[in-house]
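Chemist: Take a look at this one; I'll ask things after.
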Amino acid sequence: MSLLEVEKVEASYGASQALFGVDLALEAGQVVALMGRNGMGKTTTIRAICNLTPPHGGRVRFGGKALKGMPSYRVARLGIGLVPEGRRCFPNLTVEENLVAAARPGRWTLASVTGLFPRLAERRGQMANTLSGGEQQMLAIGRALMTNPRLLILDEATEGLAPVIRQDIWAAIRRLKQDGESILIVDKTLPELLPVADACMVLENGRTVWSGPPSELSEELQHRYLGV
């Protein structure tokens, strides 16, 4: 049984349908890249998994449990840690307060998170709204890890960041993979993304159009579905 199973999921925003039958599977300890051009349904798929945009068709199972009708906060408590696009740190809390706000027992503690991101240790007492964009992204990832999730979801974790900060975050993602974390990741930087991914799933117009190992994502497929 997969840790995460998404089968024929459909979802809409009001009268506008965004997903038309998305399929995705992620095994424990696996890194899966969710790919596609802008507007193809990647963020909506993540929102459907977390029940932030509840699906009206298909099913989502996590750890063998059906998520249909479950409030999003209960989905999170099952062990899904979401790092949303745009970071969304608590601006008027310090770095430390952001990290401990939703902490749950487990191997990810204040010490281990600041070990992964030493910049957060340096800015521990600093207000989140005074951090750079890259530091806020590190904080958002650290905050999700502090919930000790069974699955970490990263939605555009390196978008818009300076190259040196992007490399720091990719180094952290590689370490998380080495440590056996289960990760679902959306990112457009293929040179960094493909080496960490165990499997890829491509969306086009709200549908799964290709899935397989990164080694089989040919240049022709990249050009057809990703615009590379």
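Starting from 1 in every chain, residues are counted up; chains themselves are A, B, ... following the order of the structure tokens, and ligands are numbered from 1 as listed.
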Fewer than 2 positions away in the same chain doesn't count, so skip those; otherwise give me all residues within 7 Å of segment 51-64 of chain A, counting only C-alpha atoms, as a VMD selection string.
Modeler: chain A and resid 3 to 11 47 to 49 66 to 68 71 to 72
Chemist: Using DSSP assignments from the backbone, pull out every residue in chain A that falls under helix (DSSP H, G or I) and give it to me as a VMD selection string.
Modeler: chain A and resid 42 to 49 72 to 77 95 to 100 110 to 116 118 to 122 128 to 130 133 to 145 163 to 178 190 to 196 214 to 216 219 to 226
Chemist: If we count only C-alpha atoms and set the cut-off at 12 Å, which residues sit around segment 112-122 of chain A, ignoring sequence neighbours fewer than 4 positions away in its own chain? Please answer as a PyMOL selection string.
Modeler: chain A and resi 94-100+103+106-108+126-128+131-132+134-148+165+168-176+179
Chemist: What's the separation between atom CA of Ala157 of chain A and atom CA of Pro84 of chain A, in Å to one decimal place?
Modeler: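 Spanning atom CA of Ala157 of chain A to atom CA of Pro84 of chain A is a straight-line distance of 8.1 Å.
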Chemist: What lies within 7 Å of Ala18 of chain A using only C-alpha atoms, ignoring chain neighbours under 6 positions off, as a ChimeraX atom specification?
Modeler: /A:11-12,41,206
Chemist: Which of these, A:Gln222, A:Ser215, A:Thr189, A:Thr45, has the shortest distance to Gly21 of chain A once you count only C-alpha atoms?
Modeler: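 Nearest to Gly21 of chain A: A:Thr45.
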Chemist: Write out as a PyMOL selection string each polymer residue whose atoms come within 8 Å of Pro213 of chain A, counting only C-alpha atoms; drop sequence neighbours fewer than 3 positions from it.
Modeler: chain A and resi 197-200+216-217
Chemist: For atom CA of Gln178 of chain A and atom CA of Ala28 of chain A, determine how far apart the two atoms are, in Å to one decimal place.
Modeler: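 Distance between the two atoms: 13.0 Å.
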Chemist: Name the residues in contact with Gly160 of chain A at a cut-off of 10 Å, using only C-alpha atoms, excluding same-chain residues fewer than 6 positions from it; report them as a list in words.
Modeler: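 In the requested form, the answer reads Gly86, Gly133, Gly134 and Arg166 of chain A.
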Chemist: Rank A:Thr43, A:Glu156, A:Ser211, A:Gly125 by their smallest atom-to-atom distance to Tyr225 of chain A, using only C-alpha atoms, and report the top residue only.
Modeler: A:Ser211
Chemist: Of the candidates A:Thr208, A:Ser218, A:Asn129, A:Gln30, which one gets nearest to Val196 of chain A if we count only C-alpha atoms?
Modeler: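 Among the listed residues, A:Gln30 lies closest to Val196 of chain A.
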Chemist: Using only C-alpha atoms, which of A:Gly227, A:Pro163, A:Pro91, A:Gly212 sits nearest Leu26 of chain A?
Modeler: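 Selected residue with least distance to Leu26 of chain A: A:Gly212.
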Chemist: From the set A:Thr130, A:Gln167, A:Ser182, A:Thr44, which residue has the shortest atom-to-atom contact distance to Leu19 of chain A, counting only C-alpha atoms?
Modeler: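 Checking each candidate against Leu19 of chain A, we get A:Thr44 as the closest.
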Chemist: Between atom CA of Glu204 of chain A and atom CA of Gly29 of chain A, what distance in Å does the model show, to one decimal?
Modeler: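 Separation of atom CA of Glu204 of chain A and atom CA of Gly29 of chain A: 26.3 Å.
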